[in-house]
There are 4 protein chains.
Amino acid sequence: MKIEGVFPPIPTPFDADGNLLLDKFKSNITLWNKTALSGYVVLGSNGEAPMLTDDERAALWQAAREAIPSDKLFLAGAGVESTRNTIALAKRAAELGADAVMCVTPNYYKAEMKPAALVNHYRVIADASPIPTIIYNMPAATAIDIDANSVIQLAQHPNIVAIKDSSGNVAKFANIIREVRPDFTVIAGSGGYFYPALCIGAKATVAALANVAPRETIAIYHAFCNGRHDEAQRLQLKLVQLNAAVTTRWNIPGLKAALEELNQGFYGGPPRLPLRPLPDEDRAALRKVMQDAGVI
Amino acid sequence: MKIEGVFPPIPTPFDADGNLLLDKFKSNITLWNKTALSGYVVLGSNGEAPMLTDDERAALWQAAREAIPSDKLFLAGAGVESTRNTIALAKRAAELGADAVMCVTPNYYKAEMKPAALVNHYRVIADASPIPTIIYNMPAATAIDIDANSVIQLAQHPNIVAIKDSSGNVAKFANIIREVRPDFTVIAGSGGYFYPALCIGAKATVAALANVAPRETIAIYHAFCNGRHDEAQRLQLKLVQLNAAVTTRWNIPGLKAALEELNQGFYGGPPRLPLRPLPDEDRAALRKVMQDAGVI
Amino acid sequence: MKIEGVFPPIPTPFDADGNLLLDKFKSNITLWNKTALSGYVVLGSNGEAPMLTDDERAALWQAAREAIPSDKLFLAGAGVESTRNTIALAKRAAELGADAVMCVTPNYYKAEMKPAALVNHYRVIADASPIPTIIYNMPAATAIDIDANSVIQLAQHPNIVAIKDSSGNVAKFANIIREVRPDFTVIAGSGGYFYPALCIGAKATVAALANVAPRETIAIYHAFCNGRHDEAQRLQLKLVQLNAAVTTRWNIPGLKAALEELNQGFYGGPPRLPLRPLPDEDRAALRKVMQDAGVI
Amino acid sequence: MKIEGVFPPIPTPFDADGNLLLDKFKSNITLWNKTALSGYVVLGSNGEAPMLTDDERAALWQAAREAIPSDKLFLAGAGVESTRNTIALAKRAAELGADAVMCVTPNYYKAEMKPAALVNHYRVIADASPIPTIIYNMPAATAIDIDANSVIQLAQHPNIVAIKDSSGNVAKFANIIREVRPDFTVIAGSGGYFYPALCIGAKATVAALANVAPRETIAIYHAFCNGRHDEAQRLQLKLVQLNAAVTTRWNIPGLKAALEELNQGFYGGPPRLPLRPLPDEDRAALRKVMQDAGVI
């Protein structure tokens, strides 16, 4: 399994009452399938994973498996607070056909999440999981930032194959890349620094941006792979504000609204409470950002 | 319903494999029942709520209802990330006989948890919950600190009856107490500042300390209620290090170990991974703290 | 030297061009002298200490010595980043007649300000200072929070006599008070938790609030000292929003504006840039808060 | 003035009693002059600027001017808390021959350092400074992180020519670079992400690393400028741990010790208290890191 290229962490469609819309979910995937995306993350942060019950997660994974072709990877977000329940989810994801699980750092008991505890957590998961494990570092959500040394230790486990790191700390990426086996992948956790991360040795991105600008994000990757650095830089600069719009600026409400604004048939819809839809007064600003980035 | 006095957030017993031990849970409650505790929080942070499945939560609540006498309050920790699932848990807790639900602030999508989103979250819950709702503010775990103005707004809802605030910010307590209706209760979220919180108008504490020193914590309350301030201060100072031992210093591992060290028949046992048992080398220091506090 | 009661950290008057106004400074003190304030902090955070040159600090201290009567304590804020320069300032303050120096934790090199470094810093200062040293903990400004154990160690030094702690963490206050010699004083660093801090054993406050409500703040102290707890609580609750107005809500701009709004002859004036005067549109809200607190 | 290439923020030599050693300072510069460094930052964070009196700063700048040849830039660190004193220092630096001033964000009054206050601060400085102004963003020291929009606004001022940003946030770099005039320079504030920052459009680095590995850091720059991306990446990875050693891992004590370990005639010496020299037991680990990086 090669984790290379561009992976959108796809959103989860709900109706106005907050019910899961599996058909919309599958039709969205069908639309993305027309691009050169390397695969999908189903139930990452952008998928509102913490908002779903375990059974809803399973239903979503099953639908994903039906919609994702075999030449694209299906990465299942499966991390919860307890090691035990994370393993249970990993097994369920494996049964439903996921290619790997991506597990966010536990974070509720922050004071106890010292390096040794996190390292132990991931080792126990990787020992038990039928499919490869990806570490998921997301400090903006967890207020936890797994350190390079822990990642380097964990990369020695044959069933731990990558880290998706959303810290944006490319010096840490370099530190990890220098020390790990060649087939352990550092995945840029945002589209805002995809090209500089590639330059330092990252191989992929899981980026909200890739939901609304899949071709453009893939173009960065292709330019880099073909040594066209000037083009890669130019494309990266062009996308940096759209990336912010669907992440730090407007978050999931912005991401779902942007899918709608594309007018390509994607379903966006509301997030689940306590998240709230993008206010109408921000729609115009969002469209302006999308126009500047050339996606509408 | 009067939320006054001392409430331990009771721990959840597991065996060495991490399985729930409902018998131990009930026998622990039977021991605490011999004291003047005002009630129990079942599945607060100290109850490792984020470590349990929904069905495990329900099983624990059912067992709690069987063990808690009717003259003590049964407060069920029922807060999860989504408003929808929090409501579902609140209904289940109500069906199983809980007197109120205590709901931690959602926190994964930190950037979106602005005051208006939190206020809306709690209002929707309180509208739907069959039993009264208690706001639960726990910045050390959530990296979210609900502000006084939001609490003051929420206190106008007839089904929101209290806030358990673990920020330790007694100036904020004062700000809230000044503005809310008399029967809205501020609950000190830790035993380390119970007496000063009472002085400023708090009426209760939910304190890990109360698990291992119920009588001593209650003695603070009684001294205060009877105007014996010098005694209340003396008792508070005597307990401050034991309180730290089972919270900031050694957390849940320390709390469970301290229950064992009491030698009164309480079951402590290991926490669920990624939390790990108190290292043996810390046991002696824990015992020393317990001796200084006069509980062993 | 007994550090007991109420000490305002007095602001430093500037004209519209940012020049020091020593006459206004002295006339302000003359006004405060009519109250039962126990003394003054000259060049604390509210005195804009970091905005002044060393010579300006000395000029201010000299003026303060002329204006402060001998029955009130003159506490000089003298902490800067280097131990060496802090000692130089402490010596200058002593020569100019200060009774003690109050030294904020160094904080620029945060990662290096571990407990051992801070303990060493204060010991070296206390060894060299001709007058007693007061530790000053101000996390909102420094992003450093000196821990209880460090304070307990430092309290063994005969020339370290107190800590002004603005963390608001009354459990930490209790921890310190339990372990230190009786004549080591914990000073509540804000008027928002003065009464609860007294309850747990603090002896004084250094509070911005005491600049604009000296008599009311002193009334809390007297009520407490005379065992009138209900009155102390009532007074504390009445002042909590005014305290916020001149600290967390509007900071030094709010404090200086509030002095003007008192209409008692105090000079407020603008702060030094980059601080900016309170916007006109906030004046009405400030007046409302002052009216509610009964000071205008 | 072109701010391009590699600039070490040079340390300030002290003897064992903490006295300035201007001769050692000049002889260090003489050694660095043999390399292709583009210039020097005199009195950045690594120069222990907050530890010096204003007169010591001036003495150091004068010595710097004597030692720095005219074909290298002399950037003077001149930022203090008050706008007024920052301007005074900027004028003094200009008189003493500095080419530009670099001014750290004021940070003591954090709550008031909102975007508008910071923008105003830098505009007033830039209006008054005889030489160009460089914004200096250093969140690890200041707990302030100036946002991209503020920088973009400030870049419109003709006398604000660059930002040294030590946040490591390359997505923010991209955001800035996209919006500012071509001759406004983003300077990578650490050597740990120099190459990825160059890829996205940064033109220079001010890096502690460049003190101990000037030639190696310059080699990254030359490889990038000549389109040899693979070599640049390889060099960057080779230096990432040495960079950490003299920054996040051991800070200034590590930087000064590393200069000594080079055995090339550089003077390191102790930092000023409260900073303390690198403990002897860390020297061996430091040497190991230096060997791995190929600098000894």
# chains A, B, ... in the order shown; residues from 1 in each chain; ligands from 1
$ calpha_fit_and_write --fixed "chain B" --moving "chain C" --output "mmCIF file with C-alpha atoms, in the first residue's frame"
data_model
loop_
_atom_site.group_PDB
_atom_site.id
_atom_site.type_symbol
_atom_site.label_atom_id
_atom_site.label_comp_id
_atom_site.auth_asym_id
_atom_site.auth_seq_id
_atom_site.Cartn_x
_atom_site.Cartn_y
_atom_site.Cartn_z
ATOM 1 C CA MET C 1 -34.212 19.301 43.689
ATOM 2 C CA LYS C 2 -31.546 20.958 45.801
ATOM 3 C CA ILE C 3 -27.957 20.511 44.649
ATOM 4 C CA GLU C 4 -26.177 21.215 47.894
ATOM 5 C CA GLY C 5 -23.298 19.614 49.707
ATOM 6 C CA VAL C 6 -20.774 17.078 48.534
ATOM 7 C CA PHE C 7 -20.955 14.819 45.473
ATOM 8 C CA PRO C 8 -18.138 12.483 44.477
ATOM 9 C CA PRO C 9 -17.674 11.846 40.755
ATOM 10 C CA ILE C 10 -17.277 8.135 41.280
ATOM 11 C CA PRO C 11 -14.766 6.087 39.319
ATOM 12 C CA THR C 12 -15.727 3.195 37.068
ATOM 13 C CA PRO C 13 -14.251 -0.175 38.089
ATOM 14 C CA PHE C 14 -12.542 -2.318 35.450
ATOM 15 C CA ASP C 15 -10.746 -5.622 35.696
ATOM 16 C CA ALA C 16 -7.221 -6.128 34.389
ATOM 17 C CA ASP C 17 -8.578 -6.683 30.862
ATOM 18 C CA GLY C 18 -10.610 -3.491 30.967
ATOM 19 C CA ASN C 19 -13.999 -5.115 31.456
ATOM 20 C CA LEU C 20 -16.677 -3.302 33.455
ATOM 21 C CA LEU C 21 -17.172 -4.613 37.001
ATOM 22 C CA LEU C 22 -20.712 -3.642 37.920
ATOM 23 C CA ASP C 23 -20.667 -5.547 41.227
ATOM 24 C CA LYS C 24 -17.598 -3.647 42.406
ATOM 25 C CA PHE C 25 -19.268 -0.451 41.260
ATOM 26 C CA LYS C 26 -22.347 -1.152 43.386
ATOM 27 C CA SER C 27 -20.401 -2.305 46.417
ATOM 28 C CA ASN C 28 -18.363 0.917 46.286
ATOM 29 C CA ILE C 29 -21.582 2.931 46.323
ATOM 30 C CA THR C 30 -22.859 0.901 49.266
ATOM 31 C CA LEU C 31 -19.785 1.932 51.196
ATOM 32 C CA TRP C 32 -20.160 5.608 50.333
ATOM 33 C CA ASN C 33 -23.863 5.426 51.243
ATOM 34 C CA LYS C 34 -22.842 5.218 54.894
ATOM 35 C CA THR C 35 -21.749 8.857 54.757
ATOM 36 C CA ALA C 36 -23.649 12.124 54.483
ATOM 37 C CA LEU C 37 -22.750 12.574 50.812
ATOM 38 C CA SER C 38 -25.556 14.431 49.012
ATOM 39 C CA GLY C 39 -25.367 12.201 45.971
ATOM 40 C CA TYR C 40 -23.142 10.940 43.171
ATOM 41 C CA VAL C 41 -21.975 11.902 39.728
ATOM 42 C CA VAL C 42 -21.941 8.768 37.602
ATOM 43 C CA LEU C 43 -19.759 9.144 34.506
ATOM 44 C CA GLY C 44 -18.046 12.422 35.009
ATOM 45 C CA SER C 45 -14.436 12.818 33.919
ATOM 46 C CA ASN C 46 -13.313 10.753 36.910
ATOM 47 C CA GLY C 47 -15.754 8.035 35.839
ATOM 48 C CA GLU C 48 -13.784 7.731 32.573
ATOM 49 C CA ALA C 49 -16.948 8.569 30.646
ATOM 50 C CA PRO C 50 -15.118 9.053 27.327
ATOM 51 C CA MET C 51 -13.779 5.511 27.646
ATOM 52 C CA LEU C 52 -17.183 3.802 27.659
ATOM 53 C CA THR C 53 -19.570 2.767 24.930
ATOM 54 C CA ASP C 54 -23.130 4.030 25.102
ATOM 55 C CA ASP C 55 -24.338 0.627 26.238
ATOM 56 C CA GLU C 56 -21.743 0.491 28.981
ATOM 57 C CA ARG C 57 -22.891 3.911 30.127
ATOM 58 C CA ALA C 58 -26.460 2.645 30.341
ATOM 59 C CA ALA C 59 -25.417 -0.461 32.256
ATOM 60 C CA LEU C 60 -23.555 1.690 34.730
ATOM 61 C CA TRP C 61 -26.480 4.046 35.203
ATOM 62 C CA GLN C 62 -28.819 1.141 35.795
ATOM 63 C CA ALA C 63 -26.496 -0.286 38.420
ATOM 64 C CA ALA C 64 -26.157 3.151 39.994
ATOM 65 C CA ARG C 65 -29.933 3.527 40.274
ATOM 66 C CA GLU C 66 -30.099 0.217 42.088
ATOM 67 C CA ALA C 67 -27.396 1.223 44.536
ATOM 68 C CA ILE C 68 -28.191 4.881 45.192
ATOM 69 C CA PRO C 69 -30.879 5.467 47.840
ATOM 70 C CA SER C 70 -33.681 7.869 47.031
ATOM 71 C CA ASP C 71 -32.467 10.488 49.496
ATOM 72 C CA LYS C 72 -29.268 10.996 47.554
ATOM 73 C CA LEU C 73 -29.123 12.618 44.129
ATOM 74 C CA PHE C 74 -28.055 10.640 41.080
ATOM 75 C CA LEU C 75 -26.386 12.959 38.593
ATOM 76 C CA ALA C 76 -25.526 11.316 35.272
ATOM 77 C CA GLY C 77 -22.636 12.518 33.159
ATOM 78 C CA ALA C 78 -24.120 12.570 29.672
ATOM 79 C CA GLY C 79 -22.223 15.076 27.556
ATOM 80 C CA VAL C 80 -20.693 14.088 24.217
ATOM 81 C CA GLU C 81 -19.619 16.096 21.199
ATOM 82 C CA SER C 82 -22.915 16.219 19.313
ATOM 83 C CA THR C 83 -26.033 17.891 20.661
ATOM 84 C CA ARG C 84 -28.081 15.063 19.183
ATOM 85 C CA ASN C 85 -26.255 12.267 20.959
ATOM 86 C CA THR C 86 -26.135 14.218 24.190
ATOM 87 C CA ILE C 87 -29.926 14.407 24.083
ATOM 88 C CA ALA C 88 -30.160 10.682 23.370
ATOM 89 C CA LEU C 89 -27.959 9.966 26.376
ATOM 90 C CA ALA C 90 -29.944 12.368 28.555
ATOM 91 C CA LYS C 91 -33.159 10.560 27.672
ATOM 92 C CA ARG C 92 -31.592 7.213 28.427
ATOM 93 C CA ALA C 93 -30.284 8.483 31.769
ATOM 94 C CA ALA C 94 -33.741 9.807 32.616
ATOM 95 C CA GLU C 95 -35.358 6.500 31.772
ATOM 96 C CA LEU C 96 -32.855 4.751 34.007
ATOM 97 C CA GLY C 97 -33.731 6.977 36.906
ATOM 98 C CA ALA C 98 -31.133 9.737 36.977
ATOM 99 C CA ASP C 99 -32.151 12.950 38.725
ATOM 100 C CA ALA C 100 -30.229 15.265 36.421
ATOM 101 C CA VAL C 101 -27.684 15.168 33.617
ATOM 102 C CA MET C 102 -24.319 16.879 33.673
ATOM 103 C CA CYS C 103 -23.046 17.743 30.189
ATOM 104 C CA VAL C 104 -19.470 18.726 29.493
ATOM 105 C CA THR C 105 -18.867 21.443 26.907
ATOM 106 C CA PRO C 106 -18.261 19.994 23.455
ATOM 107 C CA ASN C 107 -14.645 20.726 22.601
ATOM 108 C CA TYR C 108 -13.273 18.872 19.589
ATOM 109 C CA TYR C 109 -14.191 21.676 17.185
ATOM 110 C CA LYS C 110 -12.683 24.291 19.485
ATOM 111 C CA ALA C 111 -12.522 27.120 16.999
ATOM 112 C CA GLU C 112 -16.278 26.853 16.419
ATOM 113 C CA MET C 113 -17.244 26.579 20.097
ATOM 114 C CA LYS C 114 -17.846 30.311 20.439
ATOM 115 C CA PRO C 115 -20.240 31.548 23.135
ATOM 116 C CA ALA C 116 -23.283 31.565 20.822
ATOM 117 C CA ALA C 117 -22.676 27.953 19.758
ATOM 118 C CA LEU C 118 -22.302 26.756 23.340
ATOM 119 C CA VAL C 119 -25.380 28.655 24.481
ATOM 120 C CA ASN C 120 -27.390 27.161 21.650
ATOM 121 C CA HIS C 121 -26.071 23.668 22.417
ATOM 122 C CA TYR C 122 -27.214 23.782 26.034
ATOM 123 C CA ARG C 123 -30.573 25.355 25.205
ATOM 124 C CA VAL C 124 -31.404 22.637 22.704
ATOM 125 C CA ILE C 125 -30.390 19.979 25.222
ATOM 126 C CA ALA C 126 -32.374 21.581 28.047
ATOM 127 C CA ASP C 127 -35.443 21.850 25.827
ATOM 128 C CA ALA C 128 -35.293 18.134 25.067
ATOM 129 C CA SER C 129 -34.039 16.604 28.295
ATOM 130 C CA PRO C 130 -36.690 15.072 30.560
ATOM 131 C CA ILE C 131 -34.567 15.895 33.591
ATOM 132 C CA PRO C 132 -32.673 19.025 34.650
ATOM 133 C CA THR C 133 -29.404 19.893 32.956
ATOM 134 C CA ILE C 134 -26.127 20.853 34.610
ATOM 135 C CA ILE C 135 -23.459 22.644 32.586
ATOM 136 C CA TYR C 136 -20.031 21.092 33.033
ATOM 137 C CA ASN C 137 -16.978 23.280 32.480
ATOM 138 C CA MET C 138 -13.648 21.426 32.570
ATOM 139 C CA PRO C 139 -10.908 23.464 30.868
ATOM 140 C CA ALA C 140 -8.070 21.103 31.851
ATOM 141 C CA ALA C 141 -9.685 18.431 29.680
ATOM 142 C CA THR C 142 -11.462 20.457 27.042
ATOM 143 C CA ALA C 143 -9.258 23.524 26.527
ATOM 144 C CA ILE C 144 -12.601 25.357 26.471
ATOM 145 C CA ASP C 145 -13.647 27.736 29.269
ATOM 146 C CA ILE C 146 -17.291 28.790 29.028
ATOM 147 C CA ASP C 147 -17.564 32.459 29.968
ATOM 148 C CA ALA C 148 -19.670 33.961 32.746
ATOM 149 C CA ASN C 149 -22.019 35.748 30.357
ATOM 150 C CA SER C 150 -22.957 32.511 28.593
ATOM 151 C CA VAL C 151 -23.673 30.847 31.928
ATOM 152 C CA ILE C 152 -25.769 33.814 33.044
ATOM 153 C CA GLN C 153 -27.830 33.576 29.849
ATOM 154 C CA LEU C 154 -28.267 29.823 30.229
ATOM 155 C CA ALA C 155 -29.335 30.161 33.862
ATOM 156 C CA GLN C 156 -32.523 31.773 32.584
ATOM 157 C CA HIS C 157 -33.608 28.445 31.125
ATOM 158 C CA PRO C 158 -35.870 26.672 33.645
ATOM 159 C CA ASN C 159 -34.330 23.280 32.891
ATOM 160 C CA ILE C 160 -30.731 24.403 33.417
ATOM 161 C CA VAL C 161 -30.129 24.298 37.135
ATOM 162 C CA ALA C 162 -26.431 24.428 37.834
ATOM 163 C CA ILE C 163 -22.879 24.649 36.540
ATOM 164 C CA LYS C 164 -20.092 22.429 37.717
ATOM 165 C CA ASP C 165 -17.088 24.622 37.057
ATOM 166 C CA SER C 166 -13.613 23.109 37.341
ATOM 167 C CA SER C 167 -11.795 26.241 36.206
ATOM 168 C CA GLY C 168 -11.073 27.190 39.811
ATOM 169 C CA ASN C 169 -11.783 30.788 38.832
ATOM 170 C CA VAL C 170 -13.663 31.975 41.908
ATOM 171 C CA ALA C 171 -13.943 35.519 40.537
ATOM 172 C CA LYS C 172 -15.971 34.025 37.690
ATOM 173 C CA PHE C 173 -18.060 32.120 40.226
ATOM 174 C CA ALA C 174 -18.799 35.449 41.933
ATOM 175 C CA ASN C 175 -19.713 37.039 38.633
ATOM 176 C CA ILE C 176 -22.190 34.245 37.898
ATOM 177 C CA ILE C 177 -23.643 34.066 41.395
ATOM 178 C CA ARG C 178 -24.321 37.783 41.410
ATOM 179 C CA GLU C 179 -26.437 37.592 38.260
ATOM 180 C CA VAL C 180 -28.401 34.323 38.328
ATOM 181 C CA ARG C 181 -31.617 33.262 40.037
ATOM 182 C CA PRO C 182 -31.127 32.041 43.634
ATOM 183 C CA ASP C 183 -31.860 28.400 42.841
ATOM 184 C CA PHE C 184 -29.225 28.173 40.106
ATOM 185 C CA THR C 185 -26.274 26.476 41.739
ATOM 186 C CA VAL C 186 -22.577 26.983 41.184
ATOM 187 C CA ILE C 187 -20.763 23.749 42.007
ATOM 188 C CA ALA C 188 -17.054 23.878 42.801
ATOM 189 C CA GLY C 189 -15.475 21.442 40.381
ATOM 190 C CA SER C 190 -12.650 20.478 42.700
ATOM 191 C CA GLY C 191 -12.148 19.963 46.396
ATOM 192 C CA GLY C 192 -9.077 22.204 46.378
ATOM 193 C CA TYR C 193 -11.166 25.386 46.541
ATOM 194 C CA PHE C 194 -14.402 24.118 48.070
ATOM 195 C CA TYR C 195 -14.366 26.365 51.130
ATOM 196 C CA PRO C 196 -13.431 29.607 49.307
ATOM 197 C CA ALA C 197 -16.088 28.783 46.711
ATOM 198 C CA LEU C 198 -18.701 28.351 49.444
ATOM 199 C CA CYS C 199 -17.674 31.730 50.837
ATOM 200 C CA ILE C 200 -18.511 33.404 47.575
ATOM 201 C CA GLY C 201 -21.860 31.644 47.164
ATOM 202 C CA ALA C 202 -21.261 28.196 45.693
ATOM 203 C CA LYS C 203 -23.527 25.575 47.230
ATOM 204 C CA ALA C 204 -21.863 22.279 46.443
ATOM 205 C CA THR C 205 -18.819 20.494 45.197
ATOM 206 C CA VAL C 206 -18.299 17.661 42.759
ATOM 207 C CA ALA C 207 -14.827 16.637 43.845
ATOM 208 C CA ALA C 208 -12.620 13.618 43.199
ATOM 209 C CA LEU C 209 -11.436 14.255 46.742
ATOM 210 C CA ALA C 210 -14.877 13.260 48.053
ATOM 211 C CA ASN C 211 -14.300 9.705 46.856
ATOM 212 C CA VAL C 212 -11.369 9.173 49.192
ATOM 213 C CA ALA C 213 -12.191 11.666 51.929
ATOM 214 C CA PRO C 214 -15.993 11.918 51.965
ATOM 215 C CA ARG C 215 -16.350 12.660 55.670
ATOM 216 C CA GLU C 216 -13.546 15.224 55.660
ATOM 217 C CA THR C 217 -14.978 17.012 52.632
ATOM 218 C CA ILE C 218 -18.423 17.029 54.207
ATOM 219 C CA ALA C 219 -16.865 18.434 57.365
ATOM 220 C CA ILE C 220 -15.780 21.510 55.401
ATOM 221 C CA TYR C 221 -19.354 21.947 54.268
ATOM 222 C CA HIS C 222 -20.820 21.588 57.740
ATOM 223 C CA ALA C 223 -18.279 23.926 59.286
ATOM 224 C CA PHE C 224 -19.103 26.541 56.682
ATOM 225 C CA CYS C 225 -22.878 26.103 57.057
ATOM 226 C CA ASN C 226 -22.564 26.562 60.780
ATOM 227 C CA GLY C 227 -20.432 29.692 60.517
ATOM 228 C CA ARG C 228 -17.288 28.021 61.829
ATOM 229 C CA HIS C 229 -14.986 29.670 59.311
ATOM 230 C CA ASP C 230 -11.726 29.007 61.137
ATOM 231 C CA GLU C 231 -12.480 25.301 61.239
ATOM 232 C CA ALA C 232 -13.488 25.287 57.580
ATOM 233 C CA GLN C 233 -10.223 26.969 56.617
ATOM 234 C CA ARG C 234 -8.193 24.545 58.710
ATOM 235 C CA LEU C 235 -9.935 21.527 57.166
ATOM 236 C CA GLN C 236 -9.491 22.935 53.679
ATOM 237 C CA LEU C 237 -5.775 23.475 54.174
ATOM 238 C CA LYS C 238 -5.405 19.970 55.547
ATOM 239 C CA LEU C 239 -6.959 18.460 52.407
ATOM 240 C CA VAL C 240 -5.377 20.554 49.690
ATOM 241 C CA GLN C 241 -2.522 18.170 48.920
ATOM 242 C CA LEU C 242 -4.679 15.064 48.983
ATOM 243 C CA ASN C 243 -6.981 16.859 46.582
ATOM 244 C CA ALA C 244 -4.040 17.535 44.267
ATOM 245 C CA ALA C 245 -2.906 13.922 44.568
ATOM 246 C CA VAL C 246 -6.154 12.581 43.102
ATOM 247 C CA THR C 247 -6.497 15.344 40.498
ATOM 248 C CA THR C 248 -3.655 17.330 38.961
ATOM 249 C CA ARG C 249 -0.761 15.309 40.387
ATOM 250 C CA TRP C 250 -1.730 11.709 39.666
ATOM 251 C CA ASN C 251 -5.213 12.033 38.172
ATOM 252 C CA ILE C 252 -7.472 8.985 37.810
ATOM 253 C CA PRO C 253 -4.618 6.523 38.373
ATOM 254 C CA GLY C 254 -4.004 8.281 41.683
ATOM 255 C CA LEU C 255 -7.687 8.311 42.573
ATOM 256 C CA LYS C 256 -8.095 4.579 41.985
ATOM 257 C CA ALA C 257 -4.896 3.789 43.878
ATOM 258 C CA ALA C 258 -6.002 5.985 46.789
ATOM 259 C CA LEU C 259 -9.273 4.076 47.059
ATOM 260 C CA GLU C 260 -7.239 0.901 47.415
ATOM 261 C CA GLU C 261 -4.916 2.445 49.979
ATOM 262 C CA LEU C 262 -7.890 3.386 52.173
ATOM 263 C CA ASN C 263 -8.237 -0.301 53.011
ATOM 264 C CA GLN C 264 -11.931 0.102 53.613
ATOM 265 C CA GLY C 265 -13.177 -2.336 51.028
ATOM 266 C CA PHE C 266 -13.322 0.019 48.063
ATOM 267 C CA TYR C 267 -12.364 -1.377 44.667
ATOM 268 C CA GLY C 268 -9.925 0.787 42.720
ATOM 269 C CA GLY C 269 -8.384 -1.235 39.935
ATOM 270 C CA PRO C 270 -6.748 -0.042 36.734
ATOM 271 C CA PRO C 271 -8.071 2.678 34.442
ATOM 272 C CA ARG C 272 -8.711 1.911 30.790
ATOM 273 C CA LEU C 273 -5.878 2.469 28.350
ATOM 274 C CA PRO C 274 -4.445 4.861 27.261
ATOM 275 C CA LEU C 275 -4.617 5.742 30.978
ATOM 276 C CA ARG C 276 -2.280 3.539 32.967
ATOM 277 C CA PRO C 277 -2.211 2.447 36.614
ATOM 278 C CA LEU C 278 -0.245 4.491 39.112
ATOM 279 C CA PRO C 279 3.392 3.349 38.954
ATOM 280 C CA ASP C 280 4.417 1.373 42.022
ATOM 281 C CA GLU C 281 7.118 3.895 42.816
ATOM 282 C CA ASP C 282 4.468 6.593 43.379
ATOM 283 C CA ARG C 283 2.464 4.526 45.876
ATOM 284 C CA ALA C 284 4.633 5.452 48.848
ATOM 285 C CA ALA C 285 4.354 9.158 48.094
ATOM 286 C CA LEU C 286 0.586 8.770 47.756
ATOM 287 C CA ARG C 287 0.377 7.035 51.109
ATOM 288 C CA LYS C 288 2.384 9.840 52.698
ATOM 289 C CA VAL C 289 -0.068 12.409 51.340
ATOM 290 C CA MET C 290 -3.003 10.354 52.612
ATOM 291 C CA GLN C 291 -1.446 10.106 56.045
ATOM 292 C CA ASP C 292 -0.803 13.852 56.183
ATOM 293 C CA ALA C 293 -4.457 14.434 55.344
ATOM 294 C CA GLY C 294 -5.478 12.029 58.064
ATOM 295 C CA VAL C 295 -7.441 9.631 55.873
ATOM 296 C CA ILE C 296 -5.180 6.641 56.590
#
$ select_by_dssp --residues "range 28-63 of chain D" --states "alpha helix (DSSP H)" --output "ChimeraX atom specification"
/D:28-32,54-63
$ select_by_dssp --residues "range 32-222 of chain C" --states "strand (DSSP E or B)" --output "MDAnalysis selection string"
chainID C and resid 39:42 73:77 100:104 133:137 160:165 169 185:188 204:206
